[in-house]
Every structure is written in structure tokens, then in C-alpha cells.
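Below: one structure, written as C-alpha cells.
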Amino acid sequence: MDTRESLFSFINIIIAVIAAYFLFRKKPRDAVVSRGPLFMVCFLLFFSVGVGNLPLALPGLFERALGHSVWVN
């Protein structure tokens, strides 16, 4: 497990989860639709980078799941 890649990946995912919590915790449910695009543009990028970086962060797990090394093109 690469500690630096894991930390980078998990921090990005945590940023997206915390942002989603603070954006969508408000009570008026009719305004949720208006907050969705802000979340998608600003914070879904952090989540996608974090999830996309997981194979580099946890190569052993993905090598077992895929059946080959994550470094193979």
C-alpha cells in the first residue's frame, strides 16, 4: 500500500463527502435541486479523483480483483 497515494485518495473522498453533507443538510427540500449543480461542478471532481486514484493507493486489492497488475497497460 502506497501511503502517499492512499492519503491523497482518501482526503479527496472525504472533502467530497463533507461538502455534500454541508450542502444538502438544510431542511428545505425544494432547494436541494438548486444546490445539486454546485456540488457536481465543485466537489464531485474531488470524489472522482479520489476514486480514480484508488488502484494506485491499494494495488494489492485491485490486483486480486482484476487478476493482473495495475501497472499493466
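Chain labels follow the order of the C-alpha cells: the first chain is A, the next B, and so on; residue numbering restarts at 1 in every chain, and ligands are counted from 1 in their shown order.
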
Give me the residues near stretch 43-53 of chain A as a list in words, where near means some atom within 6 Å (using only C-alpha atoms) and where sequence neighbours in that chain fewer than 3 positions away do not count.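 Contacts, in chain order: Ser9, Asn12, Ile13, Ala16, Phe39, Met40 and Leu56 of chain A.
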
Atom CA of A:Arg35 and atom CA of A:Phe8 are how many Å apart? 26.2 Å

Step one, run DSSP on the backbone; step two, keep only residues of chain A assigned to alpha helix (DSSP H); then write them as a ChimeraX atom specification. /A:3-24,32-42,44-52,54-57,59-66

Report, in Å with one decimal, the straight-line distance from atom CA of A:Phe10 to atom CA of A:Ala57.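 Separation between atom CA of A:Phe10 and atom CA of A:Ala57: 9.2 Å.
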
Pick out the residues sitting within 12 Å of A:Ser69, and hand them over as an MDAnalysis selection string; count only C-alpha atoms, and ignore anything fewer than 3 positions along from it in its own chain. chainID A and resid 55:56 58:66 72:73
